[in-house]
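**Student:** This is the structure I want to talk about, given as structure tokens.
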Amino acid sequence: MPESQQAAQFQAKVDAEQKIEPRDWMPAEYRQNLVRQISQHAHSEIVGMLPEGNWIGRAPSLRRKAILLAKVQDEAGHGLYLYSAAETLGVGRDEMVSQLLSGKAKYSSIFNYPTLTWADIGAIGWLVDGAAIMNQVMLCRTSYGPYARAMVRICKEESFHQRQGYDILVTLSKGTPEQKAMAQDALNRWWWPSLMMFGPSDKDSPHSAQSMKWKIKRQSNDELRQTFIDRTVPQAEFIGLQVPDPKLKWNETIQHYDWGEIDWEEFNQVIRGNGPCNAERMAARRKAHADGAWVREAALAHAGKKAKRSAA
Amino acid sequence: MNQQEALFRFALRMGDNSVVLGHRTSEWCGHGPVLEEDIALANIALDLIGQARNYLTYAGEVEAKFRASAPLRTEDDLAYLRGEREYLNVHLVELPKGDYAHTIVRSFLFDAFHLPLQQALTTSKDDRLKGIAEKAVKEVAYHLRHSSEWLVRFGDGTQESHQRAQNALEDLWRYTGELFAADEAEELLAKAGIAPKLADVKQEWSATVDRVLKEATLKRPADGWMASGGKKGIHTEHLGPMLAEMQTLQRSYPGVEW
Amino acid sequence: MSTTNEKDWPLWEIFIQSKRGLDHKHVGSLHAADARMAIENARDVYTRRGEGNSIWAVQAADIHASKPEDQGAFFDPADDKVYRHPTFYPMPEGVKYM
């Protein structure tokens, strides 16, 4: 079958809301686009363990310690599901990991910001996971089957993440003036980076239009960002926190919030590696990978010896 | 020492061993050698923290009974507001995590002790200890399975992994004596049928160690000088910094809700 | 110490039975050095919320699959065999237990 015909059949399948499965014919760019997006997503989960992991040792109660550990562990699980989904496209996890460690592959810039106080753990759960969930719910309907299935599993597990974050801030906001200030400070630092998580504005987004056509993405960056703001602002007000945007105002006519301007220069700098923690995050991942090499080799060597013995 | 006080000290020690090892194990989260193992270790740390919560809650309740004047201490009061001299865990669990061989060998040496101990506690005459053990025994059985299998992989893996595992065994062996050196509280509870005789636990531990080391082609180190003191609150220099980290918020902002 | 072009552990497909009496269902995949590790990793990765009763692990390389291009020849012929479905047969009023 000529490629143009295959391409037409492929697009017809996508348009008819049928899922594309690993062994189906797909355009090379679709495959590349997916590998890039899914592996980037997986890397984000793994690098995302670090800022929160920073507080596992200092969580202020045994209950909070257990919750945070379980949450960060979930991120590892989500990274694993996503790497597995990408592997169905013919790329190995080792290859994806080496692209991350060499700096070739990207991960979400949000994780290059530092977690400075306990309230940051609340803010990450509430805002960062909140923003991520917006994307993830959309991706449960993405056109590539394994990616959609991984996202369904992830969304099921994520539902507690945002709540535990908000719960931390609810507790702080009911606490002492110092605790309340800690919560406000966290919101001040995490608000804008969270909005940046939705990516560049639609008019500047290089991959968006094609991704929408292939139904990999189903809502634009700006739509998702606006929904996030509309949902989150009342949550902040509910616990008496002030969103750090002087232009923020409910617009009765369009039934959305009007809001200020993202500092895209900061966004671009952090993507280019000039965020507060880029170097630390990569160093931590490289060290874990290098320190683990002998462990991974030992397990393989042992499995090989055992197989040989049972064959003999 | 009366039986209530002995029970208090015993529950504290069980809780302290679990919270300290749980904390150490959680230090791997995000830094494990492979993603699957990162997840496995977090499960183990979560089990241990869960056990610690049960034991410390119980310790607080027992204490309130025999020290009527003192206010009831919660799990968090006990975990976050005691200093290192008041922690009663064994040295083995507080040592830094080291390389992955040290982590696995430490877990193995502790798990091989912890399992027969928890098994014995499922027949304790104290209902609460019995109840806690009935849940913990399944968790600990899995911990031992996990650490044993990794120890075998290391011992019977590559030359490097074998050497690392053997080194870790030599380093950590001196901390195993304390596991079985019964203090007054443990002797009293053993007589009362509330906790097992540690000599009996040691027999099982020793058999497990021999069996797994043999499969791992590793050498059992000779029993030489053994460290001790943890059970009396005399620790290595490693516990203090760990507690300083763990307790920082509770200490910096006393008496607030988190 | 670390090799430069290190390969992944083999990939395994994981099937979980969530309750006795139900089918084992594919839940995803993971890497493990051997079968035993695959099952234990599956326990840790895919049953963290009590979803598991039994686990199957199959090395991904051992799975043979039908090809998408055979889809028509394989599956369409079954589409018109409605007589294989019980609703094809009208039951007279009043007949029970069938």
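Every chain in the structure tokens has a letter given in the order shown (A, B, ...), and although residue numbers restart at 1 in each chain, ligands are simply numbered from 1 in the order shown.
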Near stretch 95-104 of chain B, within 6 Å and counting only C-alpha atoms, which residues show up once chain neighbours fewer than 5 positions away are dropped, as an mmCIF file with all heavy atoms, in the first residue's frame?
**Tutor:**
data_model
loop_
_atom_site.group_PDB
_atom_site.id
_atom_site.type_symbol
_atom_site.label_atom_id
_atom_site.label_comp_id
_atom_site.auth_asym_id
_atom_site.auth_seq_id
_atom_site.Cartn_x
_atom_site.Cartn_y
_atom_site.Cartn_z
ATOM 1 N N SER B 147 15.736 -8.686 50.749
ATOM 2 C CA SER B 147 17.164 -8.481 51.060
ATOM 3 C C SER B 147 17.959 -9.763 50.811
ATOM 4 O O SER B 147 19.099 -9.700 50.332
ATOM 5 C CB SER B 147 17.346 -7.980 52.496
ATOM 6 O OG SER B 147 16.760 -8.852 53.427
ATOM 7 N N ARG B 164 31.940 -6.193 47.149
ATOM 8 C CA ARG B 164 31.215 -5.166 47.899
ATOM 9 C C ARG B 164 30.345 -5.790 48.992
ATOM 10 O O ARG B 164 30.256 -5.267 50.104
ATOM 11 C CB ARG B 164 30.326 -4.348 46.958
ATOM 12 C CG ARG B 164 31.067 -3.303 46.136
ATOM 13 C CD ARG B 164 30.071 -2.624 45.205
ATOM 14 N NE ARG B 164 30.659 -1.654 44.314
ATOM 15 C CZ ARG B 164 30.693 -0.333 44.565
ATOM 16 N NH1 ARG B 164 30.199 0.137 45.692
ATOM 17 N NH2 ARG B 164 31.236 0.495 43.697
ATOM 18 N N ALA B 165 29.695 -6.893 48.660
ATOM 19 C CA ALA B 165 28.831 -7.536 49.648
ATOM 20 C C ALA B 165 29.663 -8.097 50.801
ATOM 21 O O ALA B 165 29.304 -7.963 51.973
ATOM 22 C CB ALA B 165 28.009 -8.640 48.990
ATOM 23 N N ALA B 168 30.770 -5.283 53.015
ATOM 24 C CA ALA B 168 29.677 -4.780 53.850
ATOM 25 C C ALA B 168 29.429 -5.725 55.025
ATOM 26 O O ALA B 168 29.197 -5.286 56.154
ATOM 27 C CB ALA B 168 28.411 -4.619 53.008
#
**Student:** Produce a table with one row for each residue of chain C that has an atom at most 12 Å from any atom of chain A, each row naming the nearest atom pair and its distance in Å at one decimal; use only C-alpha atoms; arrange rows by chain and rising residue number; format as JSON lines.
**Tutor:**
{"residue": "C:Met1", "atom": "CA", "partner": "A:Trp294", "partner_atom": "CA", "distance": 7.0}
{"residue": "C:Ser2", "atom": "CA", "partner": "A:Ala293", "partner_atom": "CA", "distance": 5.3}
{"residue": "C:Thr3", "atom": "CA", "partner": "A:Ala293", "partner_atom": "CA", "distance": 7.5}
{"residue": "C:Thr4", "atom": "CA", "partner": "A:Ser98", "partner_atom": "CA", "distance": 9.7}
{"residue": "C:Asn5", "atom": "CA", "partner": "A:Asp94", "partner_atom": "CA", "distance": 8.7}
{"residue": "C:Glu6", "atom": "CA", "partner": "A:Asp94", "partner_atom": "CA", "distance": 7.5}
{"residue": "C:Lys7", "atom": "CA", "partner": "A:Asp94", "partner_atom": "CA", "distance": 6.3}
{"residue": "C:Asp8", "atom": "CA", "partner": "A:Asp94", "partner_atom": "CA", "distance": 5.6}
{"residue": "C:Trp9", "atom": "CA", "partner": "A:Leu300", "partner_atom": "CA", "distance": 7.0}
{"residue": "C:Pro10", "atom": "CA", "partner": "A:Leu300", "partner_atom": "CA", "distance": 9.2}
{"residue": "C:Leu11", "atom": "CA", "partner": "A:Ser84", "partner_atom": "CA", "distance": 8.8}
{"residue": "C:Trp12", "atom": "CA", "partner": "A:Ser84", "partner_atom": "CA", "distance": 9.9}
{"residue": "C:Glu13", "atom": "CA", "partner": "A:Ser84", "partner_atom": "CA", "distance": 9.7}
{"residue": "C:Ile14", "atom": "CA", "partner": "A:Ser84", "partner_atom": "CA", "distance": 11.4}
{"residue": "C:His26", "atom": "CA", "partner": "A:Arg149", "partner_atom": "CA", "distance": 10.8}
{"residue": "C:Val27", "atom": "CA", "partner": "A:Arg149", "partner_atom": "CA", "distance": 8.9}
{"residue": "C:Gly28", "atom": "CA", "partner": "A:Tyr81", "partner_atom": "CA", "distance": 7.0}
{"residue": "C:Ser29", "atom": "CA", "partner": "A:Ser84", "partner_atom": "CA", "distance": 6.0}
{"residue": "C:Leu30", "atom": "CA", "partner": "A:Ser84", "partner_atom": "CA", "distance": 6.8}
{"residue": "C:His31", "atom": "CA", "partner": "A:Ser84", "partner_atom": "CA", "distance": 9.0}
{"residue": "C:Ala32", "atom": "CA", "partner": "A:Ala299", "partner_atom": "CA", "distance": 8.6}
{"residue": "C:Ala33", "atom": "CA", "partner": "A:Leu300", "partner_atom": "CA", "distance": 5.3}
{"residue": "C:Asp34", "atom": "CA", "partner": "A:Ala303", "partner_atom": "CA", "distance": 5.8}
{"residue": "C:Ala35", "atom": "CA", "partner": "A:Ala303", "partner_atom": "CA", "distance": 9.0}
{"residue": "C:Arg36", "atom": "CA", "partner": "A:Ala303", "partner_atom": "CA", "distance": 9.7}
{"residue": "C:Met37", "atom": "CA", "partner": "A:Ala299", "partner_atom": "CA", "distance": 9.4}
{"residue": "C:Ala38", "atom": "CA", "partner": "A:Ala303", "partner_atom": "CA", "distance": 11.6}
{"residue": "C:Asn41", "atom": "CA", "partner": "A:Gly77", "partner_atom": "CA", "distance": 10.9}
{"residue": "C:Ala42", "atom": "CA", "partner": "A:Gly77", "partner_atom": "CA", "distance": 10.7}
{"residue": "C:Arg43", "atom": "CA", "partner": "A:Gly77", "partner_atom": "CA", "distance": 11.9}
{"residue": "C:Asp44", "atom": "CA", "partner": "A:Gly77", "partner_atom": "CA", "distance": 9.2}
{"residue": "C:Val45", "atom": "CA", "partner": "A:Gly77", "partner_atom": "CA", "distance": 6.2}
{"residue": "C:Tyr46", "atom": "CA", "partner": "A:Gly77", "partner_atom": "CA", "distance": 8.3}
{"residue": "C:Thr47", "atom": "CA", "partner": "A:Gly77", "partner_atom": "CA", "distance": 10.8}
{"residue": "C:Arg48", "atom": "CA", "partner": "A:Asp74", "partner_atom": "CA", "distance": 8.9}
{"residue": "C:Arg49", "atom": "CA", "partner": "A:Glu157", "partner_atom": "CA", "distance": 8.9}
{"residue": "C:Glu51", "atom": "CA", "partner": "A:Arg153", "partner_atom": "CA", "distance": 12.0}
{"residue": "C:Ala60", "atom": "CA", "partner": "A:Thr88", "partner_atom": "CA", "distance": 10.4}
{"residue": "C:His64", "atom": "CA", "partner": "A:Arg23", "partner_atom": "CA", "distance": 11.9}
{"residue": "C:Ala65", "atom": "CA", "partner": "A:Arg23", "partner_atom": "CA", "distance": 9.2}
{"residue": "C:Ser66", "atom": "CA", "partner": "A:Arg23", "partner_atom": "CA", "distance": 9.3}
{"residue": "C:Lys67", "atom": "CA", "partner": "A:Arg23", "partner_atom": "CA", "distance": 7.1}
{"residue": "C:Pro68", "atom": "CA", "partner": "A:Asp24", "partner_atom": "CA", "distance": 5.9}
{"residue": "C:Glu69", "atom": "CA", "partner": "A:Asp24", "partner_atom": "CA", "distance": 8.1}
{"residue": "C:Asp70", "atom": "CA", "partner": "A:Asp24", "partner_atom": "CA", "distance": 11.0}
{"residue": "C:Gln71", "atom": "CA", "partner": "A:Asp24", "partner_atom": "CA", "distance": 10.5}
**Student:** Distance atom CA of A:Ala119-atom CA of A:Val243, one decimal place?
**Tutor:**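 Calculated distance between atom CA of A:Ala119 and atom CA of A:Val243 is 15.0 Å.
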**Student:** Determine which residues of chain B sit within 10 Å of chain C, taking into account only C-alpha atoms, and present them as number ranges by chain.
**Tutor:** B: 34-44, 142, 145-146, 149-150, 160
**Student:** Okay, now the selection with C-alpha atoms, as an mmCIF file, in the first residue's frame?
**Tutor:**
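Produced file result_4.cif, reproduced below:
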data_model
loop_
_atom_site.group_PDB
_atom_site.id
_atom_site.type_symbol
_atom_site.label_atom_id
_atom_site.label_comp_id
_atom_site.auth_asym_id
_atom_site.auth_seq_id
_atom_site.Cartn_x
_atom_site.Cartn_y
_atom_site.Cartn_z
ATOM 1 C CA VAL B 34 17.066 1.197 39.074
ATOM 2 C CA LEU B 35 13.496 2.468 38.985
ATOM 3 C CA GLU B 36 11.886 -0.825 39.997
ATOM 4 C CA GLU B 37 14.162 -1.058 43.015
ATOM 5 C CA ASP B 38 13.488 2.540 44.020
ATOM 6 C CA ILE B 39 9.826 1.599 44.243
ATOM 7 C CA ALA B 40 10.512 -1.621 46.153
ATOM 8 C CA LEU B 41 12.608 0.179 48.760
ATOM 9 C CA ALA B 42 9.965 2.829 49.288
ATOM 10 C CA ASN B 43 7.455 0.063 50.018
ATOM 11 C CA ILE B 44 9.781 -1.363 52.630
ATOM 12 C CA TYR B 142 8.711 -9.802 52.346
ATOM 13 C CA ARG B 145 12.850 -12.152 50.937
ATOM 14 C CA HIS B 146 13.880 -8.945 49.198
ATOM 15 C CA GLU B 149 17.560 -12.311 47.121
ATOM 16 C CA TRP B 150 19.635 -9.217 46.527
ATOM 17 C CA GLU B 160 32.728 -6.420 42.065
#
**Student:** Using Å and a single decimal, report how far atom CA of A:Gln18 sits from atom CA of C:Arg84.
**Tutor:**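 So the two atoms, atom CA of C:Arg84 and atom CA of A:Gln18, lie 26.0 Å apart.
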**Student:** Point out the residue among C:Ala73, C:Ile55, C:Ile39, C:Met91 with the least atom-to-atom distance to C:Gln17, counting only C-alpha atoms.
**Tutor:**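 Among C:Ala73, C:Ile55, C:Ile39, C:Met91, it is C:Ile55 that comes nearest to C:Gln17.
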**Student:** Taking only C-alpha atoms into account, what are the residues of chain B at most 7 Å from chain A, put as an mmCIF file with N, CA and C atoms, in the first residue's frame?
**Tutor:**
data_model
loop_
_atom_site.group_PDB
_atom_site.id
_atom_site.type_symbol
_atom_site.label_atom_id
_atom_site.label_comp_id
_atom_site.auth_asym_id
_atom_site.auth_seq_id
_atom_site.Cartn_x
_atom_site.Cartn_y
_atom_site.Cartn_z
ATOM 1 N N HIS B 23 13.564 5.523 58.080
ATOM 2 C CA HIS B 23 14.134 6.795 57.626
ATOM 3 C C HIS B 23 15.347 6.544 56.735
ATOM 4 N N CYS B 29 14.986 7.015 48.224
ATOM 5 C CA CYS B 29 13.890 7.382 47.330
ATOM 6 C C CYS B 29 14.339 8.468 46.349
ATOM 7 N N GLY B 30 14.270 8.154 45.069
ATOM 8 C CA GLY B 30 14.743 9.078 44.037
ATOM 9 C C GLY B 30 16.192 8.854 43.658
ATOM 10 N N HIS B 31 16.886 7.981 44.384
ATOM 11 C CA HIS B 31 18.313 7.776 44.136
ATOM 12 C C HIS B 31 18.676 6.301 43.975
ATOM 13 N N GLY B 32 17.671 5.457 43.819
ATOM 14 C CA GLY B 32 17.911 4.021 43.755
ATOM 15 C C GLY B 32 18.649 3.601 42.493
ATOM 16 N N PRO B 33 19.201 2.384 42.488
ATOM 17 C CA PRO B 33 20.007 1.927 41.364
ATOM 18 C C PRO B 33 19.212 1.665 40.091
ATOM 19 N N VAL B 34 17.923 1.429 40.234
ATOM 20 C CA VAL B 34 17.066 1.197 39.074
ATOM 21 C C VAL B 34 15.640 1.500 39.540
ATOM 22 N N LEU B 35 14.821 1.981 38.625
ATOM 23 C CA LEU B 35 13.496 2.468 38.985
ATOM 24 C C LEU B 35 12.679 1.450 39.789
ATOM 25 N N ILE B 39 11.204 1.803 43.813
ATOM 26 C CA ILE B 39 9.826 1.599 44.243
ATOM 27 C C ILE B 39 9.754 0.526 45.336
ATOM 28 N N ALA B 42 10.937 1.923 48.677
ATOM 29 C CA ALA B 42 9.965 2.829 49.288
ATOM 30 C C ALA B 42 8.863 2.025 49.972
ATOM 31 N N LEU B 46 7.962 2.325 53.857
ATOM 32 C CA LEU B 46 6.590 2.622 54.293
ATOM 33 C C LEU B 46 6.099 1.604 55.317
ATOM 34 N N ILE B 49 7.777 2.504 58.638
ATOM 35 C CA ILE B 49 7.218 3.697 59.273
ATOM 36 C C ILE B 49 5.839 3.373 59.870
ATOM 37 N N ARG B 53 4.773 3.654 63.838
ATOM 38 C CA ARG B 53 3.612 4.393 64.353
ATOM 39 C C ARG B 53 2.828 3.526 65.335
ATOM 40 N N ASP B 76 4.071 11.001 67.521
ATOM 41 C CA ASP B 76 4.951 12.075 67.059
ATOM 42 C C ASP B 76 5.728 12.719 68.211
ATOM 43 N N ARG B 153 22.166 -12.222 44.783
ATOM 44 C CA ARG B 153 22.572 -11.641 43.492
ATOM 45 C C ARG B 153 23.949 -11.007 43.581
ATOM 46 N N PHE B 154 24.201 -10.335 44.685
ATOM 47 C CA PHE B 154 25.505 -9.689 44.834
ATOM 48 C C PHE B 154 26.608 -10.725 45.019
ATOM 49 N N ASP B 156 26.658 -13.891 44.284
ATOM 50 C CA ASP B 156 26.804 -14.750 43.121
ATOM 51 C C ASP B 156 26.552 -13.947 41.847
ATOM 52 N N GLY B 157 27.042 -12.718 41.810
ATOM 53 C CA GLY B 157 26.849 -11.868 40.638
ATOM 54 C C GLY B 157 28.164 -11.625 39.939
ATOM 55 N N THR B 158 28.661 -10.412 40.006
ATOM 56 C CA THR B 158 29.963 -10.103 39.421
ATOM 57 C C THR B 158 31.018 -10.123 40.531
ATOM 58 N N SER B 161 30.459 -7.047 42.676
ATOM 59 C CA SER B 161 29.339 -7.097 43.617
ATOM 60 C C SER B 161 29.653 -8.048 44.763
ATOM 61 N N GLU B 245 17.915 16.173 61.448
ATOM 62 C CA GLU B 245 17.211 16.381 60.189
ATOM 63 C C GLU B 245 15.723 16.064 60.352
ATOM 64 N N MET B 246 15.473 14.894 60.903
ATOM 65 C CA MET B 246 14.096 14.419 60.998
ATOM 66 C C MET B 246 13.238 15.347 61.861
ATOM 67 N N GLN B 247 13.831 15.880 62.916
ATOM 68 C CA GLN B 247 13.035 16.612 63.903
ATOM 69 C C GLN B 247 13.021 18.123 63.678
ATOM 70 N N THR B 248 13.653 18.574 62.607
ATOM 71 C CA THR B 248 13.887 20.016 62.482
ATOM 72 C C THR B 248 12.627 20.869 62.600
ATOM 73 N N LEU B 249 11.537 20.492 61.948
ATOM 74 C CA LEU B 249 10.349 21.350 62.007
ATOM 75 C C LEU B 249 9.707 21.326 63.385
ATOM 76 N N GLN B 250 9.607 20.142 63.952
ATOM 77 C CA GLN B 250 9.000 20.028 65.284
ATOM 78 C C GLN B 250 9.810 20.792 66.325
ATOM 79 N N GLU B 257 0.519 22.425 64.809
ATOM 80 C CA GLU B 257 -0.012 21.338 63.983
ATOM 81 C C GLU B 257 0.625 21.371 62.598
ATOM 82 N N TRP B 258 0.870 20.223 62.036
ATOM 83 C CA TRP B 258 1.390 20.170 60.664
ATOM 84 C C TRP B 258 0.438 19.413 59.772
#
